[in-house]
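What follows is protein33.txt (compact mmCIF, C-alpha atoms).
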```
# COMPACT_ATOMS: atom_id res chain seq x y z
CA MET A 1333 -2.57 -6.03 -3.35
CA ARG A 1334 1.09 -6.94 -3.93
CA LEU A 1335 0.35 -10.64 -3.68
CA GLY A 1336 -2.49 -10.37 -6.18
CA LEU A 1337 -0.42 -8.36 -8.65
CA ASN A 1338 2.40 -10.88 -8.52
CA GLN A 1339 -0.02 -13.71 -9.27
CA VAL A 1340 -1.27 -12.19 -12.51
CA THR A 1341 1.45 -9.88 -13.86
CA SER A 1342 4.84 -11.38 -12.94
CA GLY A 1343 6.75 -12.20 -16.10
CA GLN A 1344 4.30 -10.28 -18.30
CA GLU A 1345 5.58 -7.92 -20.98
CA ILE A 1346 3.98 -4.48 -21.30
CA LEU A 1347 2.90 -4.06 -24.92
CA GLY A 1348 1.71 -0.47 -24.62
CA GLY A 1349 -0.87 1.59 -22.82
CA ASP A 1350 -2.99 4.68 -22.61
CA VAL A 1351 -2.90 7.61 -20.17
CA LEU A 1352 -6.35 9.14 -19.83
CA ARG A 1353 -5.35 11.61 -17.11
CA PRO A 1354 -1.78 12.89 -17.61
CA ARG A 1355 -1.64 14.40 -14.10
CA THR A 1356 -1.76 10.90 -12.64
CA ILE A 1357 1.79 10.43 -13.95
CA ALA A 1358 4.11 12.03 -11.41
CA HIS A 1359 7.30 11.11 -13.31
CA PRO A 1360 8.37 11.59 -16.03
CA VAL A 1361 6.63 14.86 -16.89
CA SER A 1362 5.44 13.60 -20.27
CA ALA A 1363 2.79 10.86 -20.35
CA GLY A 1364 4.21 9.91 -23.75
CA ASP A 1365 7.65 9.35 -22.24
CA PHE A 1366 6.03 7.27 -19.48
CA LEU A 1367 4.38 4.94 -21.99
CA ALA A 1368 7.41 4.80 -24.27
CA GLY A 1369 9.63 3.84 -21.35
CA LEU A 1370 7.30 1.05 -20.28
CA GLN A 1371 6.72 -0.47 -23.72
CA GLY A 1372 8.62 -3.72 -24.07
CA ALA A 1373 9.45 -3.91 -20.36
CA THR A 1374 8.64 -7.03 -18.36
CA LEU A 1375 7.13 -6.83 -14.88
CA ALA A 1376 9.51 -9.08 -12.97
CA GLN A 1377 7.82 -8.81 -9.58
CA TRP A 1378 6.02 -6.37 -7.32
CA HIS A 1379 7.41 -5.16 -4.02
CA ARG A 1380 5.79 -3.02 -1.32
CA ARG A 1381 7.30 -0.26 0.77
CA GLY A 1382 4.83 1.26 3.19
CA LYS A 1383 1.78 2.10 1.06
CA TYR A 1384 3.80 2.24 -2.16
CA LEU A 1385 3.69 -0.56 -4.73
CA LEU A 1386 6.95 -0.96 -6.67
CA ALA A 1387 7.20 -3.15 -9.76
CA GLU A 1388 10.68 -4.24 -10.75
CA LEU A 1389 11.09 -3.79 -14.53
CA CYS A 1390 13.33 -5.82 -16.81
CA LYS A 1391 14.26 -5.70 -20.49
CA PRO A 1392 16.35 -7.95 -22.75
CA ALA A 1393 20.08 -7.29 -22.53
CA SER A 1394 21.50 -5.20 -25.35
CA ALA A 1395 22.60 -7.04 -28.49
CA PRO A 1396 25.15 -5.97 -31.15
CA GLU A 1397 23.77 -3.35 -33.53
CA GLY A 1398 21.81 -4.89 -36.37
CA SER A 1399 21.26 -8.25 -34.68
CA ALA A 1400 17.96 -9.55 -33.42
CA VAL A 1401 17.38 -9.64 -29.67
CA PRO A 1402 15.97 -13.07 -28.80
CA ARG A 1403 13.19 -13.27 -26.26
CA GLN A 1404 14.87 -14.54 -23.11
CA PRO A 1405 13.56 -16.27 -19.99
CA LEU A 1406 12.76 -13.87 -17.14
CA PRO A 1407 15.85 -14.72 -15.02
CA HIS A 1408 18.11 -13.60 -17.91
CA LEU A 1409 16.48 -10.22 -18.44
CA ALA A 1410 18.44 -7.19 -17.34
CA LYS A 1411 17.03 -5.01 -14.58
CA ALA A 1412 15.81 -1.81 -16.18
CA GLY A 1413 14.01 0.28 -13.54
CA TRP A 1414 10.88 0.61 -11.44
CA LEU A 1415 7.19 1.35 -11.86
CA GLY A 1416 5.86 2.98 -8.70
CA VAL A 1417 2.20 3.29 -7.69
CA HIS A 1418 0.47 4.92 -4.73
CA LEU A 1419 -3.29 4.30 -4.60
CA ARG A 1420 -3.96 7.06 -2.03
CA MET A 1421 -7.60 7.15 -0.87
CA THR A 1422 -9.59 5.71 -3.77
CA GLY A 1423 -7.13 4.15 -6.23
CA GLN A 1424 -7.67 0.68 -7.66
CA LEU A 1425 -5.46 -1.53 -9.82
CA LEU A 1426 -7.62 -3.98 -11.76
CA TRP A 1427 -6.58 -6.91 -14.00
CA LEU A 1428 -9.20 -6.97 -16.74
CA ASP A 1429 -9.98 -7.98 -20.30
CA ARG A 1430 -9.08 -5.07 -22.56
CA ASP A 1431 -12.61 -4.85 -23.95
CA THR A 1432 -14.15 -4.40 -20.46
CA PRO A 1433 -16.09 -1.09 -20.60
CA LEU A 1434 -14.09 1.80 -19.21
CA HIS A 1435 -15.07 3.11 -15.80
CA LYS A 1436 -15.45 6.90 -15.92
CA HIS A 1437 -12.65 7.24 -13.36
CA THR A 1438 -10.11 5.21 -15.36
CA ARG A 1439 -6.79 7.09 -15.35
CA VAL A 1440 -4.13 4.77 -16.84
CA ARG A 1441 -4.21 1.53 -18.84
CA LEU A 1442 -1.28 -0.86 -19.40
CA PHE A 1443 -1.73 -3.50 -22.12
CA PHE A 1444 -0.48 -7.11 -22.03
CA THR A 1445 -0.84 -10.25 -24.09
CA ASP A 1446 -4.05 -12.31 -24.33
CA ASN A 1447 -6.11 -9.10 -24.52
CA ARG A 1448 -5.46 -8.34 -20.83
CA GLU A 1449 -4.72 -5.02 -19.18
CA LEU A 1450 -3.82 -3.52 -15.82
CA ARG A 1451 -6.17 -0.60 -15.29
CA PHE A 1452 -5.65 2.19 -12.74
CA VAL A 1453 -9.02 3.58 -11.59
CA ASP A 1454 -9.06 6.49 -9.14
CA GLN A 1455 -12.22 8.41 -8.26
CA ARG A 1456 -10.65 11.25 -6.26
CA THR A 1457 -7.53 11.52 -8.47
CA PHE A 1458 -5.03 11.59 -5.58
CA GLY A 1459 -3.25 8.43 -6.76
CA GLN A 1460 0.03 8.66 -8.66
CA MET A 1461 2.35 6.59 -10.84
CA TRP A 1462 6.09 6.95 -11.42
CA LEU A 1463 8.51 5.46 -13.93
CA VAL A 1464 12.09 5.40 -12.69
CA TRP A 1465 14.34 4.15 -15.47
CA GLY A 1466 17.84 2.69 -15.20
CA ALA A 1467 19.78 2.06 -11.99
CA ALA A 1468 18.54 5.17 -10.19
CA ASP A 1469 17.34 4.78 -6.61
CA PRO A 1470 13.52 5.06 -6.79
CA SER A 1471 13.42 6.89 -3.44
CA ALA A 1472 15.22 9.81 -5.10
CA THR A 1473 12.31 10.26 -7.52
CA ILE A 1474 9.21 8.93 -5.78
CA SER A 1475 8.08 11.54 -3.28
CA GLY A 1476 7.86 10.32 0.30
CA LEU A 1477 9.48 6.95 -0.31
CA GLY A 1478 12.78 7.90 1.30
CA GLN A 1479 11.16 9.21 4.50
CA LEU A 1480 9.45 5.97 5.52
CA GLY A 1481 10.11 4.25 8.82
CA PRO A 1482 10.70 0.51 9.20
CA GLU A 1483 8.22 -2.08 7.98
CA PRO A 1484 6.10 -3.72 10.72
CA PHE A 1485 7.24 -7.17 9.54
CA SER A 1486 10.94 -6.29 9.56
CA ALA A 1487 13.51 -7.16 12.21
CA GLU A 1488 14.15 -3.43 12.59
CA PHE A 1489 10.65 -2.94 14.00
CA SER A 1490 11.49 -4.19 17.48
CA ALA A 1491 9.97 -3.25 20.80
CA GLN A 1492 13.19 -1.36 21.55
CA TYR A 1493 12.88 0.62 18.31
CA LEU A 1494 9.25 1.50 18.95
CA ALA A 1495 9.94 2.57 22.53
CA LYS A 1496 12.72 4.85 21.31
CA ALA A 1497 10.63 6.21 18.42
CA LEU A 1498 7.70 7.05 20.67
CA GLY A 1499 10.03 8.17 23.44
CA HIS A 1500 8.79 11.14 25.42
CA ARG A 1501 6.62 12.54 22.65
CA ARG A 1502 3.71 14.63 23.89
CA ARG A 1503 1.39 13.42 21.15
CA THR A 1504 -1.33 10.80 21.11
CA VAL A 1505 -0.31 7.24 20.31
CA LYS A 1506 -2.91 7.01 17.53
CA THR A 1507 -1.41 9.93 15.59
CA ALA A 1508 2.07 8.49 16.16
CA LEU A 1509 1.00 5.15 14.65
CA LEU A 1510 -0.20 6.98 11.52
CA ASP A 1511 3.14 8.77 11.14
CA GLN A 1512 4.76 6.96 8.20
CA SER A 1513 8.22 8.10 9.30
CA ILE A 1514 7.76 6.01 12.46
CA ILE A 1515 6.03 2.95 10.99
CA ALA A 1516 5.63 2.38 7.27
CA GLY A 1517 2.20 1.31 6.10
CA ALA A 1518 0.01 1.47 9.21
CA GLY A 1519 -3.31 3.15 8.39
CA ASN A 1520 -6.34 4.34 10.31
CA ILE A 1521 -8.20 1.02 10.40
CA TYR A 1522 -5.32 -1.12 11.57
CA ALA A 1523 -4.07 1.45 14.07
CA ASP A 1524 -7.48 1.36 15.79
CA GLU A 1525 -7.53 -2.43 15.74
CA ALA A 1526 -3.99 -2.76 17.11
CA LEU A 1527 -4.70 -0.32 19.93
CA PHE A 1528 -7.76 -2.35 20.88
CA LYS A 1529 -5.81 -5.60 20.95
CA ALA A 1530 -3.11 -3.95 23.05
CA GLY A 1531 -5.67 -2.45 25.46
CA VAL A 1532 -4.45 1.11 24.88
CA ARG A 1533 -6.72 4.12 24.33
CA PRO A 1534 -6.01 6.01 21.09
CA ASP A 1535 -5.76 9.34 22.93
CA SER A 1536 -3.09 8.09 25.35
CA LEU A 1537 0.08 10.15 25.15
CA CYS A 1538 3.17 8.32 23.90
CA ALA A 1539 5.14 9.61 26.87
CA ASP A 1540 2.72 7.93 29.28
CA LEU A 1541 3.02 4.43 27.80
CA SER A 1542 4.95 1.76 29.68
CA LEU A 1543 7.48 -0.51 27.98
CA GLU A 1544 5.02 -3.37 28.47
CA GLN A 1545 2.26 -1.46 26.68
CA ILE A 1546 4.59 -0.56 23.79
CA ALA A 1547 5.68 -4.20 23.43
CA LYS A 1548 2.02 -5.32 23.37
CA LEU A 1549 1.20 -2.64 20.81
CA ARG A 1550 4.00 -3.80 18.52
CA GLU A 1551 2.80 -7.41 18.69
CA ALA A 1552 -0.81 -6.35 18.17
CA LEU A 1553 -0.01 -4.30 15.07
CA ILE A 1554 1.86 -7.19 13.44
CA GLU A 1555 -0.97 -9.58 14.32
CA VAL A 1556 -3.67 -7.28 12.93
CA LEU A 1557 -1.80 -6.73 9.68
CA GLN A 1558 -1.26 -10.46 9.21
CA GLU A 1559 -4.97 -11.14 9.80
CA ALA A 1560 -5.98 -8.37 7.38
CA ILE A 1561 -3.72 -9.67 4.61
CA ILE A 1562 -5.22 -13.15 4.98
CA ALA A 1563 -8.70 -11.57 4.80
CA GLY A 1564 -7.79 -9.71 1.59
CA GLY A 1565 -7.72 -6.25 3.15
CA SER A 1566 -10.56 -3.99 4.29
CA THR A 1567 -13.24 -2.61 2.01
CA ILE A 1568 -14.94 0.42 3.54
CA ARG A 1569 -15.67 2.35 0.32
CA ASN A 1570 -13.34 1.91 -2.66
CA PHE A 1571 -10.76 -0.78 -1.96
CA VAL A 1572 -10.90 -3.95 -4.05
CA SER A 1573 -8.28 -6.54 -4.93
CA VAL A 1574 -6.66 -6.73 -8.36
CA ALA A 1575 -9.47 -9.13 -9.29
CA GLY A 1576 -12.12 -6.62 -8.18
CA VAL A 1577 -12.99 -8.50 -4.98
CA ASN A 1578 -13.79 -6.71 -1.71
CA GLY A 1579 -11.58 -7.26 1.32
CA ASN A 1580 -13.25 -9.10 4.21
CA TYR A 1581 -11.42 -7.80 7.28
CA ALA A 1582 -13.74 -4.85 7.96
CA GLY A 1583 -16.68 -7.14 8.69
CA ALA A 1584 -14.77 -8.79 11.52
CA ALA A 1585 -13.15 -5.64 12.92
CA TRP A 1586 -13.01 -5.35 16.68
CA VAL A 1587 -13.75 -1.62 16.91
CA TYR A 1588 -13.20 0.21 13.61
CA GLY A 1589 -16.48 1.41 12.12
CA ARG A 1590 -18.47 0.01 15.06
CA ALA A 1591 -19.28 3.19 17.00
CA GLY A 1592 -22.33 2.60 19.22
CA LEU A 1593 -22.25 -1.16 18.75
CA PRO A 1594 -21.39 -3.49 21.64
CA CYS A 1595 -17.73 -4.39 22.11
CA ARG A 1596 -17.12 -7.95 20.91
CA VAL A 1597 -15.33 -8.71 24.19
CA CYS A 1598 -17.17 -6.93 27.01
CA GLY A 1599 -20.39 -5.59 25.46
CA THR A 1600 -19.66 -1.92 26.25
CA PRO A 1601 -20.71 0.37 23.37
CA VAL A 1602 -17.76 1.24 21.14
CA ASP A 1603 -16.91 4.94 21.32
CA ARG A 1604 -15.47 7.26 18.69
CA LEU A 1605 -13.43 10.44 18.90
CA LYS A 1606 -11.48 12.58 16.46
CA LEU A 1607 -7.73 12.94 16.67
CA ALA A 1608 -5.88 15.13 14.19
CA GLY A 1609 -8.95 15.07 11.95
CA ARG A 1610 -9.20 11.28 11.85
CA SER A 1611 -11.90 9.15 13.51
CA SER A 1612 -10.66 6.78 16.20
CA HIS A 1613 -12.75 3.90 17.52
CA PHE A 1614 -12.18 2.27 20.90
CA CYS A 1615 -13.82 0.42 23.77
CA PRO A 1616 -13.89 2.56 26.96
CA GLN A 1617 -13.81 -0.59 29.09
CA CYS A 1618 -11.18 -2.71 27.32
CA GLN A 1619 -8.85 0.21 26.53
CA LYS A 1620 -7.69 2.30 29.46
```
Structure encoded using structure tokens:
Amino acid sequence: MRLGLNQVTSGQEILGGDVLRPRTIAHPVSAGDFLAGLQGATLAQWHRRGKYLLAELCKPASAPEGSAVPRQPLPHLAKAGWLGVHLRMTGQLLWLDRDTPLHKHTRVRLFFTDNRELRFVDQRTFGQMWLVWGAADPSATISGLGQLGPEPFSAEFSAQYLAKALGHRRRTVKTALLDQSIIAGAGNIYADEALFKAGVRPDSLCADLSLEQIAKLREALIEVLQEAIIAGGSTIRNFVSVAGVNGNYAGAAWVYGRAGLPCRVCGTPVDRLKLAGRSSHFCPQCQK
């Protein structure tokens, strides 16, 4: 999602917008203030932290009163704040022509040049957007951002870190992988896939895992995430790219969503169980 947004919106100036569901805006309180703050800002580039998308905003540097402010190249714009987005379960960010008919679940529209817009569509209305203006730390405003663990692709996410984080916890490894304070960004699909690649059952207790198993699990999670990004993500129900294209990873998944079907490695039927209210898929033969 971040890669796609950077391809189409980097360097684009926000001309205005429309908030169709004010409750989607988590900050500031007023949807009018949200739009007023964004108008005239340039989307420098998008970053990702866990499952949060963060757009770095820039505006022209201040000029003496009464003088015109010339339009400047992007590198010379002054950093002005952040636009934060969390898609939650059903959110979509779509890059569309402005005259594309509105989907009934459209929540926010941001307008750009050439009659283009970035449209936030969210069926279940759990998604949120934040505008953090000035030099303020976005994690102080965006709920949950400051409690995230290390990124799977970061140097901090080492086998030593993961072994210490899991430690002697008497909880299942699957629920630990979904804990965003331990690992930022791992979700249900990729946790199942990583556990399969590592040969670890989802209901194994963290305290029972060997250092070798934890090291394999770390490598497997990184590998699965890299493969999924290349495949454009996983479309099970609502997810699409910024261009409206489904992700292709789910069709090649090892175990997720394949309950009752033969394991792609050994042929044993894939099993499913529920842990902390979430479905977990695994091969009883390959994962022990």
| request: Would you mind listing what lies within 12 Å of Tyr1493 (chain A) as an NGL selection string, with only C-alpha atoms counted and same-chain residues fewer than 2 positions away left out? | output: :A and (1481-1484 or 1486-1491 or 1495-1499 or 1514-1515 or 1543 or 1546-1547 or 1550)
Let's have the selection written as a CSV table (one decimal), keeping the file's coordinate frame, with C-alpha atoms.
```csv
chain,number,residue,atom,x,y,z
A,1481,GLY,CA,10.1,4.2,8.8
A,1482,PRO,CA,10.7,0.5,9.2
A,1483,GLU,CA,8.2,-2.1,8.0
A,1484,PRO,CA,6.1,-3.7,10.7
A,1486,SER,CA,10.9,-6.3,9.6
A,1487,ALA,CA,13.5,-7.2,12.2
A,1488,GLU,CA,14.2,-3.4,12.6
A,1489,PHE,CA,10.6,-2.9,14.0
A,1490,SER,CA,11.5,-4.2,17.5
A,1491,ALA,CA,10.0,-3.2,20.8
A,1495,ALA,CA,9.9,2.6,22.5
A,1496,LYS,CA,12.7,4.8,21.3
A,1497,ALA,CA,10.6,6.2,18.4
A,1498,LEU,CA,7.7,7.0,20.7
A,1499,GLY,CA,10.0,8.2,23.4
A,1514,ILE,CA,7.8,6.0,12.5
A,1515,ILE,CA,6.0,3.0,11.0
A,1543,LEU,CA,7.5,-0.5,28.0
A,1546,ILE,CA,4.6,-0.6,23.8
A,1547,ALA,CA,5.7,-4.2,23.4
A,1550,ARG,CA,4.0,-3.8,18.5
```
| field | region 1532-1536 of chain A surroundings by all atoms listed in the file, 8 Å radius, close-in-sequence under 6 positions cut, as number ranges by chain | value | A: 1504-1506, 1524, 1545, 1549, 1607, 1612-1614, 1616, 1619-1620
Could you please take those selected residues and save C-alpha atoms as a JSON list (two decimals), in the frame of the given file?
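The resulting file, selection.json, is reproduced below:
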```
[["chain", "number", "residue", "atom", "x", "y", "z"],
["A", 1504, "THR", "CA", -1.33, 10.80, 21.11],
["A", 1505, "VAL", "CA", -0.31, 7.24, 20.31],
["A", 1506, "LYS", "CA", -2.91, 7.01, 17.53],
["A", 1524, "ASP", "CA", -7.48, 1.36, 15.79],
["A", 1545, "GLN", "CA", 2.26, -1.46, 26.68],
["A", 1549, "LEU", "CA", 1.20, -2.64, 20.81],
["A", 1607, "LEU", "CA", -7.73, 12.94, 16.67],
["A", 1612, "SER", "CA", -10.66, 6.78, 16.20],
["A", 1613, "HIS", "CA", -12.75, 3.90, 17.52],
["A", 1614, "PHE", "CA", -12.18, 2.27, 20.90],
["A", 1616, "PRO", "CA", -13.89, 2.56, 26.96],
["A", 1619, "GLN", "CA", -8.85, 0.21, 26.53],
["A", 1620, "LYS", "CA", -7.69, 2.30, 29.46]]
```
| query | Leaving out Val1417 (chain A) and any residue of its chain fewer than 6 positions from it, which residues lie within 6 Å of it when counting all atoms listed in the file, given as a PyMOL selection string? | reply | chain A and resi 1384-1385+1460-1461
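The space between CA of Asp1350 (chain A) and CA of Arg1441 (chain A) spans 5.1 Å.
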| task | Please provide as a PyMOL selection string all residues within 10 Å of Thr1341 (chain A), with the sequence filter that same-chain residues fewer than 4 positions apart are discarded (counting only C-alpha atoms). | result | chain A and resi 1336-1337+1345-1346+1374-1378+1387+1427+1444+1448-1450
Please write the residues from the selection above to a file, keeping C-alpha atoms, as a CSV table (one decimal), in the frame of the given file.
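Once written, out.csv looks like this:
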```
chain,number,residue,atom,x,y,z
A,1336,GLY,CA,-2.5,-10.4,-6.2
A,1337,LEU,CA,-0.4,-8.4,-8.6
A,1345,GLU,CA,5.6,-7.9,-21.0
A,1346,ILE,CA,4.0,-4.5,-21.3
A,1374,THR,CA,8.6,-7.0,-18.4
A,1375,LEU,CA,7.1,-6.8,-14.9
A,1376,ALA,CA,9.5,-9.1,-13.0
A,1377,GLN,CA,7.8,-8.8,-9.6
A,1378,TRP,CA,6.0,-6.4,-7.3
A,1387,ALA,CA,7.2,-3.2,-9.8
A,1427,TRP,CA,-6.6,-6.9,-14.0
A,1444,PHE,CA,-0.5,-7.1,-22.0
A,1448,ARG,CA,-5.5,-8.3,-20.8
A,1449,GLU,CA,-4.7,-5.0,-19.2
A,1450,LEU,CA,-3.8,-3.5,-15.8
```
| query | A:Leu1510, A:Ile1474, A:Leu1426, A:Met1421: which is nearest Gln1455 (chain A), counting all atoms listed in the file? | reply | A:Met1421
| said: Let me make sure I understand: among A:Val1602, A:Leu1557, A:Leu1480, A:Val1574, which one has the smallest atom-to-atom distance to Asn1520 (chain A) if we use all atoms listed in the file? | reply: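 Residue with the minimum atom-to-atom distance to Asn1520 (chain A): A:Leu1557.
Nearest residue to Leu1605 (chain A), choosing from A:Leu1553, A:Ala1591, A:Ala1518, A:Leu1352 and counting all atoms listed in the file: A:Ala1591.
Taking CA of Arg1353 (chain A) as the reference point, CA of Trp1465 (chain A) is found at 21.1 Å.
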